[in-house]
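Data block below; observations after.
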Amino acid sequence: MARWTESELVALTARLIDIPSLSGAEGALADFVVAELRPQCPPCDLVRTGHNVILRGPSRPERPSILLAGHLDTVPPAGNERARLKGGMLHGLGASDMKAGLAVMLALASSVDWIRARSNLTFVFYECEEIALEKNGLRKLFPDDPLLTQQDLAILLEPTDNAVELGCLGTLNARVTARGRAA
């Protein structure tokens with residue numbers, strides 16, 4: 001079981017930032033994630049579907065099931081493609097959304113004692129979160145892997161400044177017509 005220091009997590013996050021992963025072009029980052037997760041197998045199962053990667057630990061029915069998920073893609077670059085440390089802060093494309101979360105997921109996966117874990121753990125690294133919902137990697141995975149939707153707890157490691165965020169699925173424009181008499 002590996003223990004990760006803060007500097008090791010920062011270095012891993014910087015490596016992730018430096019791997020381009022624009023929405024729809026996450027292949028190189030998915031390759032990196034697979035290479036990092038491969039030492040967990042066995043006892044884990046590692047599956048790659050397109051640019052989506054799933055690591056599933058051994059399962060026992062008496063244990064609760066927990067899913068940790070994060071998206072691989074970034075928005076388009078704006079001169080911020082490379083990681084840089086400035087004033088104790090790591091900057092770069094996707095640093096907080098969501099490559100720091102991916103680094104935490106990779107560190108956790110390498111630190112788990114899979115046999116003695118108290119939960120059935122699944123890690124999902126998915127494509128195309130930053131673009132249209134119909135391209136979202138989770139939407140592609142759910143129909144083919146119903147176990148993903150049958151979890152006791154799912155945690156998305158995308159930062160939200162410690163606020164609960166239920167999702168950014170776009171906007172709704174509606175016209176409401178109410179019939180009746182004024183009170």
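Lettering and numbering for the structure tokens are positional, with chains as A, B, ... in the shown order, residues counted from 1 in each chain, and ligands counted from 1 in the shown order.
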
Check: Do you know which residues are at most 12 Å from Glu8 (chain A) counting only C-alpha atoms, after dropping those on the same chain fewer than 4 positions away, and could you put them as a list of chain:residue names?
Finding: A:Ala2, A:Arg3, A:Trp4, A:Leu12, A:Thr13, A:Ala14, A:Arg15, A:Ala100, A:Ala103, A:Val104, A:Leu106, A:Ala107

Next item on the list: Go through region 7-174 of chain A and collect every residue that DSSP, computed from the backbone, puts in helix (DSSP H, G or I); the answer should be as number ranges by chain.
Entry: A: 7-17, 27-40, 95-111, 133-135, 137-144, 146-149

Got time to write the residues from that selection, C-alpha atoms, as a PDB file, in the first residue's frame?
```
ATOM      1  CA  SER A   7       4.495  16.925  -3.154  1.00  0.00           C
ATOM      2  CA  GLU A   8       3.908  13.564  -4.867  1.00  0.00           C
ATOM      3  CA  LEU A   9       0.228  14.440  -5.456  1.00  0.00           C
ATOM      4  CA  VAL A  10       1.222  17.835  -6.858  1.00  0.00           C
ATOM      5  CA  ALA A  11       3.759  16.164  -9.170  1.00  0.00           C
ATOM      6  CA  LEU A  12       1.156  13.628 -10.340  1.00  0.00           C
ATOM      7  CA  THR A  13      -1.357  16.407 -10.959  1.00  0.00           C
ATOM      8  CA  ALA A  14       1.268  18.313 -12.980  1.00  0.00           C
ATOM      9  CA  ARG A  15       1.904  15.198 -15.106  1.00  0.00           C
ATOM     10  CA  LEU A  16      -1.842  14.882 -15.736  1.00  0.00           C
ATOM     11  CA  ILE A  17      -2.116  18.568 -16.699  1.00  0.00           C
ATOM     12  CA  GLY A  27      -6.959   8.938 -25.556  1.00  0.00           C
ATOM     13  CA  ALA A  28      -3.464   9.784 -24.302  1.00  0.00           C
ATOM     14  CA  LEU A  29      -4.771  10.517 -20.811  1.00  0.00           C
ATOM     15  CA  ALA A  30      -6.840   7.310 -20.793  1.00  0.00           C
ATOM     16  CA  ASP A  31      -3.655   5.412 -21.795  1.00  0.00           C
ATOM     17  CA  PHE A  32      -1.810   7.015 -18.859  1.00  0.00           C
ATOM     18  CA  VAL A  33      -4.626   6.145 -16.424  1.00  0.00           C
ATOM     19  CA  VAL A  34      -4.661   2.510 -17.592  1.00  0.00           C
ATOM     20  CA  ALA A  35      -0.879   2.259 -17.146  1.00  0.00           C
ATOM     21  CA  GLU A  36      -1.136   3.714 -13.628  1.00  0.00           C
ATOM     22  CA  LEU A  37      -3.988   1.373 -12.644  1.00  0.00           C
ATOM     23  CA  ARG A  38      -2.645  -1.840 -14.214  1.00  0.00           C
ATOM     24  CA  PRO A  39      -0.570  -2.777 -11.101  1.00  0.00           C
ATOM     25  CA  GLN A  40      -3.876  -3.155  -9.185  1.00  0.00           C
ATOM     26  CA  ALA A  95      -5.700  21.832 -12.722  1.00  0.00           C
ATOM     27  CA  SER A  96      -8.793  22.090 -10.559  1.00  0.00           C
ATOM     28  CA  ASP A  97     -11.350  20.808 -13.064  1.00  0.00           C
ATOM     29  CA  MET A  98     -10.511  17.981 -12.841  1.00  0.00           C
ATOM     30  CA  LYS A  99      -6.959  16.761 -12.980  1.00  0.00           C
ATOM     31  CA  ALA A 100      -6.323  17.257  -9.256  1.00  0.00           C
ATOM     32  CA  GLY A 101      -9.333  15.008  -8.604  1.00  0.00           C
ATOM     33  CA  LEU A 102      -7.966  12.435 -11.050  1.00  0.00           C
ATOM     34  CA  ALA A 103      -4.634  12.494  -9.205  1.00  0.00           C
ATOM     35  CA  VAL A 104      -6.461  11.823  -5.928  1.00  0.00           C
ATOM     36  CA  MET A 105      -8.355   8.934  -7.549  1.00  0.00           C
ATOM     37  CA  LEU A 106      -5.131   7.387  -8.879  1.00  0.00           C
ATOM     38  CA  ALA A 107      -3.430   7.816  -5.496  1.00  0.00           C
ATOM     39  CA  LEU A 108      -6.383   6.237  -3.678  1.00  0.00           C
ATOM     40  CA  ALA A 109      -6.530   3.312  -6.103  1.00  0.00           C
ATOM     41  CA  SER A 110      -2.838   2.600  -5.525  1.00  0.00           C
ATOM     42  CA  SER A 111      -3.250   2.863  -1.743  1.00  0.00           C
ATOM     43  CA  LEU A 133     -24.646  15.680 -22.512  1.00  0.00           C
ATOM     44  CA  GLU A 134     -25.295  13.070 -25.219  1.00  0.00           C
ATOM     45  CA  LYS A 135     -21.523  12.584 -25.617  1.00  0.00           C
ATOM     46  CA  GLY A 137     -18.925   9.004 -21.121  1.00  0.00           C
ATOM     47  CA  LEU A 138     -21.154   8.031 -18.197  1.00  0.00           C
ATOM     48  CA  ARG A 139     -24.172   7.948 -20.509  1.00  0.00           C
ATOM     49  CA  LYS A 140     -22.244   5.510 -22.712  1.00  0.00           C
ATOM     50  CA  LEU A 141     -21.196   3.301 -19.793  1.00  0.00           C
ATOM     51  CA  PHE A 142     -24.461   3.033 -17.830  1.00  0.00           C
ATOM     52  CA  PRO A 143     -26.466   0.974 -20.376  1.00  0.00           C
ATOM     53  CA  ASP A 144     -23.675  -1.591 -20.756  1.00  0.00           C
ATOM     54  CA  PRO A 146     -25.765  -1.592 -14.819  1.00  0.00           C
ATOM     55  CA  LEU A 147     -23.583  -2.163 -11.730  1.00  0.00           C
ATOM     56  CA  LEU A 148     -22.400   1.425 -12.112  1.00  0.00           C
ATOM     57  CA  THR A 149     -25.889   2.690 -11.287  1.00  0.00           C
TER      58      THR A 149
END
```

Please provide the set of residues having any atom within 7 Å of region 55-63 of chain A, restricted to only C-alpha atoms, with same-chain residues fewer than 2 positions apart removed, written as a short mmCIF file (atom, residue, chain, number, x, y, z; two decimals) with all heavy atoms, in the first residue's frame.
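File produced: out01.cif:
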```
data_model
loop_
_atom_site.label_atom_id
_atom_site.label_comp_id
_atom_site.auth_asym_id
_atom_site.auth_seq_id
_atom_site.Cartn_x
_atom_site.Cartn_y
_atom_site.Cartn_z
N PRO A 43 -5.98 -8.02 -7.79
CA PRO A 43 -7.30 -8.61 -7.73
C PRO A 43 -8.39 -7.79 -8.41
O PRO A 43 -9.54 -8.21 -8.47
CB PRO A 43 -7.58 -8.68 -6.23
CG PRO A 43 -6.91 -7.48 -5.68
CD PRO A 43 -5.67 -7.32 -6.53
N CYS A 44 -8.04 -6.62 -8.96
CA CYS A 44 -9.06 -5.76 -9.57
C CYS A 44 -9.27 -6.12 -11.03
O CYS A 44 -8.42 -6.73 -11.67
CB CYS A 44 -8.64 -4.30 -9.47
SG CYS A 44 -8.50 -3.72 -7.79
N ASP A 45 -10.41 -5.66 -11.55
CA ASP A 45 -10.68 -5.75 -12.98
C ASP A 45 -10.52 -4.36 -13.58
O ASP A 45 -11.06 -3.39 -13.03
CB ASP A 45 -12.11 -6.24 -13.24
CG ASP A 45 -12.30 -7.68 -12.81
OD1 ASP A 45 -11.38 -8.49 -13.01
OD2 ASP A 45 -13.38 -7.99 -12.27
N LEU A 46 -9.81 -4.28 -14.68
CA LEU A 46 -9.57 -3.01 -15.36
C LEU A 46 -10.15 -3.12 -16.76
O LEU A 46 -9.80 -4.03 -17.51
CB LEU A 46 -8.07 -2.73 -15.42
CG LEU A 46 -7.61 -1.43 -16.05
CD1 LEU A 46 -8.16 -0.22 -15.30
CD2 LEU A 46 -6.08 -1.38 -16.07
N VAL A 47 -11.07 -2.19 -17.09
CA VAL A 47 -11.74 -2.21 -18.38
C VAL A 47 -11.63 -0.84 -19.02
O VAL A 47 -11.85 0.18 -18.36
CB VAL A 47 -13.24 -2.58 -18.22
CG1 VAL A 47 -13.97 -2.51 -19.55
CG2 VAL A 47 -13.40 -3.94 -17.58
N VAL A 53 -12.43 4.54 -18.58
CA VAL A 53 -11.66 3.52 -17.88
C VAL A 53 -12.38 3.21 -16.56
O VAL A 53 -12.76 4.12 -15.83
CB VAL A 53 -10.22 4.01 -17.57
CG1 VAL A 53 -9.43 2.95 -16.82
CG2 VAL A 53 -9.50 4.42 -18.86
N SER A 65 -21.25 -0.62 -1.57
CA SER A 65 -20.57 -0.32 -2.82
C SER A 65 -20.39 1.18 -2.98
O SER A 65 -21.35 1.94 -2.85
CB SER A 65 -21.36 -0.87 -4.00
OG SER A 65 -21.42 -2.27 -3.92
N TRP A 114 -7.04 -3.93 -1.25
CA TRP A 114 -8.25 -4.39 -1.94
C TRP A 114 -8.89 -5.59 -1.26
O TRP A 114 -10.11 -5.74 -1.31
CB TRP A 114 -7.93 -4.70 -3.40
CG TRP A 114 -7.60 -3.48 -4.17
CD1 TRP A 114 -6.35 -3.00 -4.45
CD2 TRP A 114 -8.52 -2.54 -4.70
NE1 TRP A 114 -6.45 -1.82 -5.15
CE2 TRP A 114 -7.77 -1.51 -5.32
CE3 TRP A 114 -9.91 -2.46 -4.74
CZ2 TRP A 114 -8.35 -0.42 -5.96
CZ3 TRP A 114 -10.50 -1.38 -5.37
CH2 TRP A 114 -9.72 -0.38 -5.97
N ARG A 118 -13.24 -2.21 3.36
CA ARG A 118 -14.56 -2.36 3.97
C ARG A 118 -15.70 -2.09 3.00
O ARG A 118 -16.86 -2.25 3.35
CB ARG A 118 -14.68 -1.39 5.13
CG ARG A 118 -13.73 -1.73 6.25
CD ARG A 118 -14.11 -0.90 7.34
NE ARG A 118 -13.38 -0.67 8.48
CZ ARG A 118 -13.60 0.37 9.31
NH1 ARG A 118 -14.43 1.25 9.07
NH2 ARG A 118 -12.97 0.54 10.38
N SER A 119 -15.36 -1.66 1.79
CA SER A 119 -16.36 -1.36 0.77
C SER A 119 -15.95 -1.99 -0.55
O SER A 119 -14.76 -2.22 -0.79
CB SER A 119 -16.49 0.14 0.57
OG SER A 119 -16.85 0.77 1.77
N ASN A 120 -16.94 -2.24 -1.38
CA ASN A 120 -16.67 -2.62 -2.76
C ASN A 120 -16.41 -1.32 -3.50
O ASN A 120 -17.28 -0.45 -3.54
CB ASN A 120 -17.88 -3.35 -3.36
CG ASN A 120 -18.22 -4.61 -2.61
OD1 ASN A 120 -17.33 -5.36 -2.22
ND2 ASN A 120 -19.49 -4.84 -2.39
N LEU A 121 -15.23 -1.17 -4.05
CA LEU A 121 -14.83 0.10 -4.66
C LEU A 121 -14.76 -0.01 -6.18
O LEU A 121 -14.23 -0.98 -6.72
CB LEU A 121 -13.47 0.53 -4.13
CG LEU A 121 -13.42 0.82 -2.63
CD1 LEU A 121 -11.98 1.05 -2.18
CD2 LEU A 121 -14.28 2.02 -2.28
N THR A 122 -15.27 1.03 -6.83
CA THR A 122 -15.18 1.16 -8.28
C THR A 122 -14.70 2.57 -8.60
O THR A 122 -15.20 3.55 -8.03
CB THR A 122 -16.55 0.92 -8.94
OG1 THR A 122 -17.01 -0.38 -8.60
CG2 THR A 122 -16.47 1.05 -10.45
N PHE A 123 -13.72 2.67 -9.48
CA PHE A 123 -13.20 3.95 -9.94
C PHE A 123 -13.57 4.10 -11.41
O PHE A 123 -13.31 3.21 -12.21
CB PHE A 123 -11.68 4.01 -9.79
CG PHE A 123 -11.20 4.04 -8.37
CD1 PHE A 123 -11.18 2.89 -7.59
CD2 PHE A 123 -10.76 5.23 -7.80
CE1 PHE A 123 -10.73 2.92 -6.28
CE2 PHE A 123 -10.31 5.27 -6.49
CZ PHE A 123 -10.30 4.11 -5.73
N VAL A 124 -14.17 5.24 -11.77
CA VAL A 124 -14.58 5.49 -13.15
C VAL A 124 -13.93 6.78 -13.63
O VAL A 124 -14.12 7.85 -13.03
CB VAL A 124 -16.11 5.59 -13.28
CG1 VAL A 124 -16.50 5.90 -14.73
CG2 VAL A 124 -16.78 4.31 -12.80
#
```

Next item on the list: Using backbone DSSP assignments, extract all strand (DSSP E) residues from region 16-111 of chain A; output them as a list in words.
Entry: Asp45, Leu46, Val47, Arg48, Thr49, Asn52, Val53, Ile54, Leu55, Arg56, Ser65, Ile66, Leu67, Leu68, Ala69, Gly70, His71, Arg84, Leu85, Lys86, Met89, Leu90 and His91 of chain A

Prev. selection, C-alpha atoms, output as an mmCIF file, in the first residue's frame:
```cif
data_model
loop_
_atom_site.group_PDB
_atom_site.id
_atom_site.type_symbol
_atom_site.label_atom_id
_atom_site.label_comp_id
_atom_site.auth_asym_id
_atom_site.auth_seq_id
_atom_site.Cartn_x
_atom_site.Cartn_y
_atom_site.Cartn_z
ATOM 1 C CA ASP A 45 -10.681 -5.751 -12.982
ATOM 2 C CA LEU A 46 -9.573 -3.011 -15.362
ATOM 3 C CA VAL A 47 -11.744 -2.212 -18.382
ATOM 4 C CA ARG A 48 -11.295 0.414 -21.053
ATOM 5 C CA THR A 49 -14.181 1.307 -23.339
ATOM 6 C CA ASN A 52 -13.553 5.521 -20.500
ATOM 7 C CA VAL A 53 -11.658 3.522 -17.876
ATOM 8 C CA ILE A 54 -13.186 1.474 -15.046
ATOM 9 C CA LEU A 55 -11.268 -0.117 -12.185
ATOM 10 C CA ARG A 56 -13.445 -2.420 -10.100
ATOM 11 C CA SER A 65 -20.567 -0.319 -2.824
ATOM 12 C CA ILE A 66 -18.829 3.011 -3.417
ATOM 13 C CA LEU A 67 -18.071 4.552 -6.800
ATOM 14 C CA LEU A 68 -15.498 7.318 -7.270
ATOM 15 C CA ALA A 69 -15.692 9.121 -10.603
ATOM 16 C CA GLY A 70 -14.000 11.910 -12.500
ATOM 17 C CA HIS A 71 -13.883 13.142 -16.070
ATOM 18 C CA ARG A 84 3.330 25.568 -13.620
ATOM 19 C CA LEU A 85 3.841 26.055 -9.914
ATOM 20 C CA LYS A 86 3.552 29.672 -8.806
ATOM 21 C CA MET A 89 -0.301 26.972 -6.326
ATOM 22 C CA LEU A 90 -0.372 24.606 -9.293
ATOM 23 C CA HIS A 91 -1.790 26.213 -12.432
#
```

Item checked: Atom pair CA of Ser21 (chain A) / CA of Ala154 (chain A): separation (Å) -> 23.7 Å

Checklist line | Interatomic distance (Å, one decimal) between CA of Tyr126 (chain A) and CA of Gly94 (chain A) | finding: 14.4 Å
